[in-house]
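> Below you will find the structure I want to go over with you.
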Amino acid sequence: MYRNGFQHYIWNIMFTMVCLLTRSGHTATSHCSSARGTSIIGQRLEGYIMRTLDNMGTKQCAHECFTRPGCWSFNYHTNMTCELNADSDSGQPGSLSQHTGYTYSNIDTWTGFSGNCNRSICSAGQKCFEFTSRTQCIYTECTDQPLFGVIAAMNTGVVGQSFPATCTSGYEPIGIGANVTCMGTGAWEITSSYCYRMYSSDWMLMARFGSGNGEATYDTWLENGRDDNKNTLTPNECKDTNTSSVCTRHFRSGLIDDWITLNPTEAKFSLYRAGIEVVYATFNASDTDSTSWFAKERLLSTSFTDLNRTSTSNYFSVFGSGESRRFYINRSYGGCINDHGWVQTIDRKGPCFYDDAVAFPKFIYSPNNLTGWTGTDSLVADVLAIFVKM
């Protein structure tokens, strides 16, 4: 026991002497030989480990944490294992637990590090490296959640680390398995779209459009190659049918591009106001493409009691009328104030008063489950969502 303790003491001294040496020719400069901090013996912070490093001394472990702005504390074991934490006892009061062989340290208690690297230089997920004539921030970890609907296998991932995608509750996998990898950009990347948002009765979300966010609904729906299932910049709220100020862009699934191959049996068009579905229409989507499913002759059911396959209509299509009115179900024109219809999406300013908006797009619908005078009887919805059923 004494021998092991003595060995640990010697190793700690050795790693303190060589702690993160920066070499310039044949000279070496230590950045942490004068560093000092407070450690709590026999304590460990669990559940927030972002990186585990082996074969290093306490001060070297402290410096590894110090050069990463995403690191707030570290656990150190007598076997020379360094655990960097993405939180601390300050952020998580009462979170320390008894662990023999460990010491815990909050990085805010440490001072005395030399060199040009400090905690304010880099961003979360990066580490500061010192070279001969400069410092550079390089991504070493991915610190955010991987992707929509994908369970993280760990709190953070090391660049280059990969794990099989697993879908969270409310999401289901489509196709063969996919891997999630921590990239050198600090972001996760998935090999293919895999986990898809599912709603009641097995409806899969294909698109979620938010009113007033400046993106044209029609253009987004037909934006080939756009797959927000793989876009980590799109907030999770963009897959919700509730109104959300966080979601400032539309959500589009890449499966729209594969509509013909996917060949869904049904499609559903829904409008939401304050999180409540106020309009719906379901369609027979078999043997259709991404626009032909939205047609009167394919209508299966709808919330409008006076709309069916034999109803008189002026427009009933995704394309609609001109560049302003899309996903348009109109009964008749009568000169703006006398236009009569059920639903229309306004992407841009048009010729009539109801085609105007403070911000586009605008989703107009006739209330009370009946056709009405557009712009006079109509209301405005917050969210337009399109689903399919396999």
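We name chains A, B, ... following the order of the structure tokens; residues begin at 1 in each chain, and ligands are numbered from 1 as shown.
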Which residues of stretch 217-242 of chain A come within 9 Å of stretch 255-270 of chain A, and for each one, what is the closest pair of atoms and their distance in Å to one decimal, counting only C-alpha atoms, sorted by chain and residue number, as a Markdown table?

| residue | atom | partner | partner_atom | distance |
| --- | --- | --- | --- | --- |
| A:Trp221 | CA | A:Ile256 | CA | 7.8 |
| A:Leu222 | CA | A:Ile256 | CA | 8.1 |
| A:Glu223 | CA | A:Asp257 | CA | 8.6 |
| A:Asn224 | CA | A:Asp257 | CA | 6.1 |
| A:Gly225 | CA | A:Asp257 | CA | 7.1 |
| A:Arg226 | CA | A:Asp257 | CA | 8.7 |
| A:Asp227 | CA | A:Leu255 | CA | 7.8 |
> Find the spatial neighbours of A:Asp377, counting only C-alpha atoms, within a cut-off of 10 Å - ignore same-chain residues fewer than 3 positions away - and output them as an MDAnalysis selection string.
chainID A and resid 340:341 364:368 371:374
> Using DSSP on the backbone, list every residue of stretch 21-239 of chain A that comes out as strand (DSSP E), and give them as a VMD selection string.
chain A and resid 22 to 24 27 to 29 40 to 45 49 to 53 73 to 77 81 to 85 96 to 106 126 to 130 135 to 139 141 to 142 157 to 158 162 to 164 171 to 173 179 to 182 188 to 190 195 to 199 203 to 210
> For stretch 306-310 of chain A, list every protein, DNA or RNA residue within 6 Å, evaluated using only C-alpha atoms, and leave out those in the same chain fewer than 6 positions away; present the list as a ChimeraX atom specification.
/A:296-297,370
> I'd like to know which of A:Cys352, A:Ala285, A:Ala274, A:Val246 is closest to A:Val380, using only C-alpha atoms.
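For A:Val380, the nearest of the candidates is A:Ala274.
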> Need to verify the contact set: A:Ser73, 8 Å, only C-alpha atoms, exclusion of same-chain residues closer than 5 positions in sequence. Can you return it as a short mmCIF file (atom, residue, chain, number, x, y, z; two decimals) with all heavy atoms, in the first residue's frame?

data_model
loop_
_atom_site.label_atom_id
_atom_site.label_comp_id
_atom_site.auth_asym_id
_atom_site.auth_seq_id
_atom_site.Cartn_x
_atom_site.Cartn_y
_atom_site.Cartn_z
N CYS A 65 -8.44 20.78 -18.22
CA CYS A 65 -9.75 21.39 -17.96
C CYS A 65 -9.70 22.89 -18.23
O CYS A 65 -10.60 23.46 -18.83
CB CYS A 65 -10.19 21.11 -16.52
SG CYS A 65 -11.86 21.69 -16.13
N LEU A 84 -12.77 14.91 -16.95
CA LEU A 84 -13.17 16.30 -17.14
C LEU A 84 -14.69 16.40 -17.11
O LEU A 84 -15.37 15.64 -17.79
CB LEU A 84 -12.63 16.84 -18.45
CG LEU A 84 -11.12 16.69 -18.68
CD1 LEU A 84 -10.73 17.29 -20.02
CD2 LEU A 84 -10.33 17.33 -17.55
N ASN A 85 -15.21 17.35 -16.35
CA ASN A 85 -16.67 17.48 -16.15
C ASN A 85 -17.23 18.71 -16.85
O ASN A 85 -16.61 19.78 -16.84
CB ASN A 85 -17.00 17.58 -14.66
CG ASN A 85 -16.58 16.34 -13.90
OD1 ASN A 85 -16.74 15.23 -14.37
ND2 ASN A 85 -16.04 16.54 -12.70
N ALA A 86 -18.41 18.55 -17.43
CA ALA A 86 -19.08 19.66 -18.12
C ALA A 86 -19.91 20.50 -17.15
O ALA A 86 -20.65 21.38 -17.58
CB ALA A 86 -19.98 19.11 -19.23
N ASP A 87 -19.80 20.23 -15.86
CA ASP A 87 -20.47 21.03 -14.84
C ASP A 87 -19.63 20.95 -13.56
O ASP A 87 -18.56 20.33 -13.56
CB ASP A 87 -21.89 20.54 -14.59
CG ASP A 87 -22.84 21.68 -14.21
OD1 ASP A 87 -22.38 22.64 -13.54
OD2 ASP A 87 -24.02 21.64 -14.59
N SER A 88 -20.12 21.55 -12.49
CA SER A 88 -19.35 21.57 -11.25
C SER A 88 -20.29 21.51 -10.05
O SER A 88 -21.51 21.54 -10.20
CB SER A 88 -18.51 22.85 -11.17
OG SER A 88 -19.36 23.99 -11.04
N TYR A 104 -11.81 15.61 -6.04
CA TYR A 104 -12.62 16.47 -6.92
C TYR A 104 -12.09 17.89 -6.83
O TYR A 104 -11.68 18.35 -5.75
CB TYR A 104 -14.09 16.45 -6.50
CG TYR A 104 -14.89 17.56 -7.14
CD1 TYR A 104 -15.38 17.44 -8.44
CD2 TYR A 104 -15.13 18.76 -6.46
CE1 TYR A 104 -16.08 18.47 -9.04
CE2 TYR A 104 -15.84 19.80 -7.05
CZ TYR A 104 -16.31 19.65 -8.34
OH TYR A 104 -17.00 20.67 -8.94
N SER A 105 -12.13 18.61 -7.95
CA SER A 105 -11.65 19.99 -7.96
C SER A 105 -12.47 20.84 -8.91
O SER A 105 -12.72 20.44 -10.06
CB SER A 105 -10.17 20.02 -8.36
OG SER A 105 -9.63 21.30 -8.14
N ASN A 106 -12.90 21.99 -8.44
CA ASN A 106 -13.59 22.99 -9.26
C ASN A 106 -12.52 23.84 -9.94
O ASN A 106 -11.64 24.39 -9.26
CB ASN A 106 -14.49 23.84 -8.38
CG ASN A 106 -15.39 24.78 -9.17
OD1 ASN A 106 -14.95 25.39 -10.14
ND2 ASN A 106 -16.64 24.90 -8.75
N ILE A 107 -12.54 23.96 -11.27
CA ILE A 107 -11.48 24.65 -11.99
C ILE A 107 -11.40 26.14 -11.62
O ILE A 107 -10.34 26.77 -11.78
CB ILE A 107 -11.64 24.47 -13.53
CG1 ILE A 107 -10.33 24.81 -14.26
CG2 ILE A 107 -12.81 25.29 -14.04
CD1 ILE A 107 -9.16 23.93 -13.87
N ASP A 108 -12.50 26.70 -11.11
CA ASP A 108 -12.49 28.11 -10.72
C ASP A 108 -11.57 28.37 -9.53
O ASP A 108 -11.23 29.52 -9.24
CB ASP A 108 -13.90 28.58 -10.38
CG ASP A 108 -14.77 28.76 -11.62
OD1 ASP A 108 -14.19 28.88 -12.72
OD2 ASP A 108 -16.01 28.77 -11.48
#
> Residues of stretch 186-219 of chain A within 12 Å of stretch 317-321 of chain A: nearest atom pair and distance (Å, one decimal) for each, counting only C-alpha atoms, sorted by chain and number, as a tab-separated table?

residue	atom	partner	partner_atom	distance
A:Thr217	CA	A:Val318	CA	10.0
A:Tyr218	CA	A:Phe319	CA	7.5
A:Asp219	CA	A:Phe319	CA	10.2
> Contacts of A:Phe316 at 10 Å or less, counting only C-alpha atoms, minus same-chain residues fewer than 6 places along, as a compact mmCIF listing (two decimals) with all heavy atoms, in the first residue's frame?

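Written out: out-v8.txt:
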# COMPACT_ATOMS: atom_id res chain seq x y z
N PHE A 294 -52.16 16.24 -52.99
CA PHE A 294 -53.06 17.29 -52.51
C PHE A 294 -54.05 17.63 -53.62
O PHE A 294 -53.88 18.59 -54.36
CB PHE A 294 -52.23 18.52 -52.11
CG PHE A 294 -53.00 19.56 -51.33
CD1 PHE A 294 -53.22 19.42 -49.97
CD2 PHE A 294 -53.49 20.70 -51.96
CE1 PHE A 294 -53.90 20.39 -49.25
CE2 PHE A 294 -54.18 21.67 -51.26
CZ PHE A 294 -54.39 21.51 -49.89
N ALA A 295 -55.09 16.80 -53.74
CA ALA A 295 -56.06 16.96 -54.82
C ALA A 295 -57.45 16.54 -54.34
O ALA A 295 -57.59 15.64 -53.51
CB ALA A 295 -55.64 16.11 -56.03
N LYS A 296 -58.46 17.19 -54.89
CA LYS A 296 -59.84 16.94 -54.46
C LYS A 296 -60.26 15.49 -54.69
O LYS A 296 -60.94 14.88 -53.85
CB LYS A 296 -60.80 17.89 -55.18
CG LYS A 296 -62.25 17.78 -54.72
CD LYS A 296 -63.11 18.86 -55.35
CE LYS A 296 -63.17 18.73 -56.86
NZ LYS A 296 -64.13 19.69 -57.47
N GLU A 297 -59.86 14.92 -55.82
CA GLU A 297 -60.27 13.55 -56.14
C GLU A 297 -59.62 12.52 -55.22
O GLU A 297 -60.02 11.36 -55.20
CB GLU A 297 -59.95 13.23 -57.59
CG GLU A 297 -58.51 13.32 -57.99
CD GLU A 297 -58.11 14.71 -58.46
OE1 GLU A 297 -58.86 15.68 -58.18
OE2 GLU A 297 -57.06 14.82 -59.13
N ARG A 326 -50.64 29.36 -52.08
CA ARG A 326 -50.22 27.96 -52.21
C ARG A 326 -51.08 27.08 -51.30
O ARG A 326 -51.80 27.58 -50.43
CB ARG A 326 -48.75 27.82 -51.82
CG ARG A 326 -47.81 28.78 -52.54
CD ARG A 326 -47.76 28.53 -54.03
NE ARG A 326 -46.64 29.24 -54.66
CZ ARG A 326 -46.31 29.16 -55.92
NH1 ARG A 326 -47.03 28.41 -56.75
NH2 ARG A 326 -45.28 29.82 -56.42
N PHE A 327 -50.98 25.76 -51.49
CA PHE A 327 -51.82 24.84 -50.72
C PHE A 327 -53.23 25.45 -50.63
O PHE A 327 -53.76 25.72 -49.56
CB PHE A 327 -51.24 24.58 -49.33
CG PHE A 327 -49.98 23.77 -49.37
CD1 PHE A 327 -48.74 24.41 -49.34
CD2 PHE A 327 -50.01 22.39 -49.42
CE1 PHE A 327 -47.56 23.67 -49.38
CE2 PHE A 327 -48.84 21.64 -49.46
CZ PHE A 327 -47.60 22.28 -49.44
N TYR A 328 -53.80 25.63 -51.81
CA TYR A 328 -54.97 26.50 -51.98
C TYR A 328 -56.22 25.66 -52.26
O TYR A 328 -56.25 24.85 -53.19
CB TYR A 328 -54.68 27.42 -53.16
CG TYR A 328 -55.59 28.60 -53.33
CD1 TYR A 328 -56.40 29.09 -52.30
CD2 TYR A 328 -55.64 29.27 -54.57
CE1 TYR A 328 -57.22 30.18 -52.48
CE2 TYR A 328 -56.45 30.38 -54.77
CZ TYR A 328 -57.24 30.82 -53.71
OH TYR A 328 -58.04 31.92 -53.89
N ILE A 329 -57.25 25.84 -51.42
CA ILE A 329 -58.56 25.22 -51.65
C ILE A 329 -59.59 26.34 -51.70
O ILE A 329 -60.02 26.86 -50.67
CB ILE A 329 -58.92 24.21 -50.55
CG1 ILE A 329 -57.78 23.23 -50.29
CG2 ILE A 329 -60.19 23.44 -50.94
CD1 ILE A 329 -58.05 22.24 -49.18
N ASN A 330 -59.97 26.72 -52.91
CA ASN A 330 -60.86 27.86 -53.12
C ASN A 330 -62.13 27.41 -53.86
O ASN A 330 -62.07 26.58 -54.76
CB ASN A 330 -60.12 28.93 -53.94
CG ASN A 330 -61.04 30.05 -54.39
OD1 ASN A 330 -61.54 30.03 -55.51
ND2 ASN A 330 -61.27 31.00 -53.52
N ARG A 331 -63.26 27.96 -53.48
CA ARG A 331 -64.52 27.61 -54.16
C ARG A 331 -64.77 28.50 -55.37
O ARG A 331 -65.05 28.03 -56.46
CB ARG A 331 -65.69 27.72 -53.20
CG ARG A 331 -67.06 27.62 -53.89
CD ARG A 331 -68.20 27.45 -52.91
NE ARG A 331 -68.26 26.06 -52.46
CZ ARG A 331 -69.14 25.61 -51.56
NH1 ARG A 331 -69.99 26.44 -51.00
NH2 ARG A 331 -69.12 24.35 -51.22
N TRP A 342 -61.93 27.74 -48.59
CA TRP A 342 -61.69 27.01 -47.35
C TRP A 342 -60.32 27.32 -46.75
O TRP A 342 -60.23 27.67 -45.59
CB TRP A 342 -61.80 25.50 -47.62
CG TRP A 342 -63.17 25.02 -47.95
CD1 TRP A 342 -64.14 24.63 -47.06
CD2 TRP A 342 -63.74 24.84 -49.25
NE1 TRP A 342 -65.27 24.23 -47.73
CE2 TRP A 342 -65.06 24.35 -49.08
CE3 TRP A 342 -63.27 25.04 -50.55
CZ2 TRP A 342 -65.90 24.05 -50.15
CZ3 TRP A 342 -64.10 24.75 -51.62
CH2 TRP A 342 -65.40 24.26 -51.41
N VAL A 343 -59.25 27.16 -47.56
CA VAL A 343 -57.88 27.26 -47.03
C VAL A 343 -56.96 27.87 -48.07
O VAL A 343 -57.12 27.62 -49.26
CB VAL A 343 -57.34 25.86 -46.64
CG1 VAL A 343 -55.83 25.90 -46.42
CG2 VAL A 343 -58.03 25.31 -45.41
N GLN A 344 -56.00 28.67 -47.61
CA GLN A 344 -54.93 29.10 -48.50
C GLN A 344 -53.71 29.54 -47.68
O GLN A 344 -53.84 30.07 -46.58
CB GLN A 344 -55.36 30.22 -49.44
CG GLN A 344 -55.68 31.55 -48.77
CD GLN A 344 -56.28 32.53 -49.76
OE1 GLN A 344 -57.31 32.26 -50.37
NE2 GLN A 344 -55.63 33.67 -49.92
> Select from stretch 103-146 of chain A every residue with an atom at most 12 Å from any atom of stretch 174-196 of chain A, then for each give the shortest pair of atoms and their distance in Å to one decimal, using only C-alpha atoms, rows by chain and rising number, as CSV.

residue,atom,partner,partner_atom,distance
A:Ser123,CA,A:Gly186,CA,9.8
A:Ala124,CA,A:Gly186,CA,8.7
A:Gly125,CA,A:Gly186,CA,6.1
A:Gln126,CA,A:Gly186,CA,7.6
A:Lys127,CA,A:Gly186,CA,10.9
A:Cys137,CA,A:Thr185,CA,11.2
A:Ile138,CA,A:Gly184,CA,8.1
A:Tyr139,CA,A:Gly186,CA,5.4
A:Thr140,CA,A:Gly186,CA,7.1
A:Glu141,CA,A:Gly186,CA,6.0
A:Cys142,CA,A:Gly186,CA,4.7
A:Thr143,CA,A:Gly186,CA,7.4
A:Asp144,CA,A:Ala187,CA,7.5
A:Gln145,CA,A:Trp188,CA,8.0
A:Pro146,CA,A:Trp188,CA,5.2
> Go ahead and save the picked residues with all heavy atoms, as a tab-separated table (two decimals), in the first residue's frame.

chain	number	residue	atom	x	y	z
A	123	SER	N	-14.33	28.34	-27.72
A	123	SER	CA	-15.76	28.07	-27.55
A	123	SER	C	-15.95	26.68	-26.95
A	123	SER	O	-15.03	25.86	-26.94
A	123	SER	CB	-16.49	28.15	-28.90
A	123	SER	OG	-16.30	29.40	-29.50
A	124	ALA	N	-17.17	26.41	-26.47
A	124	ALA	CA	-17.48	25.11	-25.90
A	124	ALA	C	-17.20	24.01	-26.91
A	124	ALA	O	-17.55	24.12	-28.08
A	124	ALA	CB	-18.93	25.05	-25.45
A	125	GLY	N	-16.55	22.95	-26.47
A	125	GLY	CA	-16.18	21.85	-27.35
A	125	GLY	C	-14.78	21.98	-27.90
A	125	GLY	O	-14.24	21.04	-28.46
A	126	GLN	N	-14.17	23.17	-27.75
A	126	GLN	CA	-12.82	23.40	-28.25
A	126	GLN	C	-11.78	23.32	-27.13
A	126	GLN	O	-12.11	23.45	-25.95
A	126	GLN	CB	-12.72	24.77	-28.92
A	126	GLN	CG	-13.54	24.92	-30.18
A	126	GLN	CD	-13.40	26.30	-30.80
A	126	GLN	OE1	-13.21	27.30	-30.11
A	126	GLN	NE2	-13.48	26.35	-32.12
A	127	LYS	N	-10.55	23.12	-27.53
A	127	LYS	CA	-9.42	23.18	-26.62
A	127	LYS	C	-8.41	24.15	-27.18
A	127	LYS	O	-8.20	24.22	-28.40
A	127	LYS	CB	-8.78	21.80	-26.44
A	127	LYS	CG	-7.56	21.81	-25.52
A	127	LYS	CD	-6.89	20.45	-25.45
A	127	LYS	CE	-5.60	20.53	-24.65
A	127	LYS	NZ	-4.89	19.23	-24.60
A	137	CYS	N	-7.63	27.41	-31.40
A	137	CYS	CA	-8.73	26.67	-30.81
A	137	CYS	C	-9.14	25.55	-31.75
A	137	CYS	O	-9.45	25.81	-32.92
A	137	CYS	CB	-9.92	27.59	-30.54
A	137	CYS	SG	-9.58	28.86	-29.29
A	138	ILE	N	-9.11	24.32	-31.27
A	138	ILE	CA	-9.44	23.16	-32.09
A	138	ILE	C	-10.54	22.37	-31.39
A	138	ILE	O	-10.47	22.13	-30.18
A	138	ILE	CB	-8.20	22.27	-32.31
A	138	ILE	CG1	-7.11	23.05	-33.06
A	138	ILE	CG2	-8.57	21.01	-33.08
A	138	ILE	CD1	-5.81	22.31	-33.20
A	139	TYR	N	-11.55	21.96	-32.15
A	139	TYR	CA	-12.63	21.16	-31.57
A	139	TYR	C	-12.10	19.78	-31.18
A	139	TYR	O	-11.46	19.09	-31.98
A	139	TYR	CB	-13.79	21.00	-32.56
A	139	TYR	CG	-14.72	22.18	-32.57
A	139	TYR	CD1	-14.67	23.11	-33.61
A	139	TYR	CD2	-15.64	22.37	-31.54
A	139	TYR	CE1	-15.52	24.22	-33.61
A	139	TYR	CE2	-16.49	23.47	-31.55
A	139	TYR	CZ	-16.43	24.38	-32.58
A	139	TYR	OH	-17.26	25.46	-32.57
A	140	THR	N	-12.38	19.40	-29.95
A	140	THR	CA	-12.00	18.08	-29.45
A	140	THR	C	-13.21	17.29	-28.97
A	140	THR	O	-13.12	16.08	-28.79
A	140	THR	CB	-11.00	18.20	-28.29
A	140	THR	OG1	-11.57	19.02	-27.25
A	140	THR	CG2	-9.69	18.82	-28.76
A	141	GLU	N	-14.33	17.99	-28.73
A	141	GLU	CA	-15.56	17.33	-28.27
A	141	GLU	C	-16.78	17.91	-28.97
A	141	GLU	O	-16.75	19.06	-29.44
A	141	GLU	CB	-15.76	17.49	-26.76
A	141	GLU	CG	-14.84	16.68	-25.88
A	141	GLU	CD	-13.60	17.47	-25.47
A	141	GLU	OE1	-13.63	18.70	-25.48
A	141	GLU	OE2	-12.59	16.81	-25.14
A	142	CYS	N	-17.84	17.11	-29.02
A	142	CYS	CA	-19.17	17.59	-29.40
A	142	CYS	C	-19.97	17.67	-28.11
A	142	CYS	O	-20.12	16.67	-27.40
A	142	CYS	CB	-19.84	16.63	-30.38
A	142	CYS	SG	-19.01	16.51	-31.98
A	143	THR	N	-20.48	18.85	-27.79
A	143	THR	CA	-21.08	19.06	-26.48
A	143	THR	C	-22.61	19.14	-26.50
A	143	THR	O	-23.23	19.17	-25.45
A	143	THR	CB	-20.54	20.35	-25.85
A	143	THR	OG1	-20.82	21.45	-26.72
A	143	THR	CG2	-19.04	20.26	-25.66
A	144	ASP	N	-23.21	19.20	-27.70
A	144	ASP	CA	-24.66	19.34	-27.75
A	144	ASP	C	-25.31	17.98	-27.99
A	144	ASP	O	-24.65	16.98	-28.17
A	144	ASP	CB	-25.07	20.32	-28.86
A	144	ASP	CG	-24.53	19.89	-30.22
A	144	ASP	OD1	-23.70	18.96	-30.27
A	144	ASP	OD2	-24.95	20.49	-31.23
A	145	GLN	N	-26.64	17.96	-27.96
A	145	GLN	CA	-27.37	16.73	-28.29
A	145	GLN	C	-27.14	16.40	-29.75
A	145	GLN	O	-27.05	17.30	-30.59
A	145	GLN	CB	-28.86	16.91	-28.01
A	145	GLN	CG	-29.22	16.88	-26.54
A	145	GLN	CD	-28.98	15.52	-25.92
A	145	GLN	OE1	-29.35	14.51	-26.48
A	145	GLN	NE2	-28.36	15.49	-24.76
A	146	PRO	N	-27.04	15.12	-30.10
A	146	PRO	CA	-26.68	14.75	-31.47
A	146	PRO	C	-27.61	15.31	-32.54
A	146	PRO	O	-27.24	16.17	-33.30
A	146	PRO	CB	-26.74	13.23	-31.44
A	146	PRO	CG	-26.50	12.86	-30.03
A	146	PRO	CD	-27.15	13.94	-29.24
> With DSSP run on the backbone, what are the alpha helix (DSSP H) residues within stretch 40-261 of chain A? I'd like them as a list in words.
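Selecting the alpha helix (DSSP H) positions of stretch 40-261 of chain A gives Thr58, Lys59, Gln60, Cys61, Ala62, His63, Glu64, Cys65, Phe66, Thr217, Tyr218, Asp219, Thr220, Trp221, Trp259, Ile260 and Thr261 of chain A.
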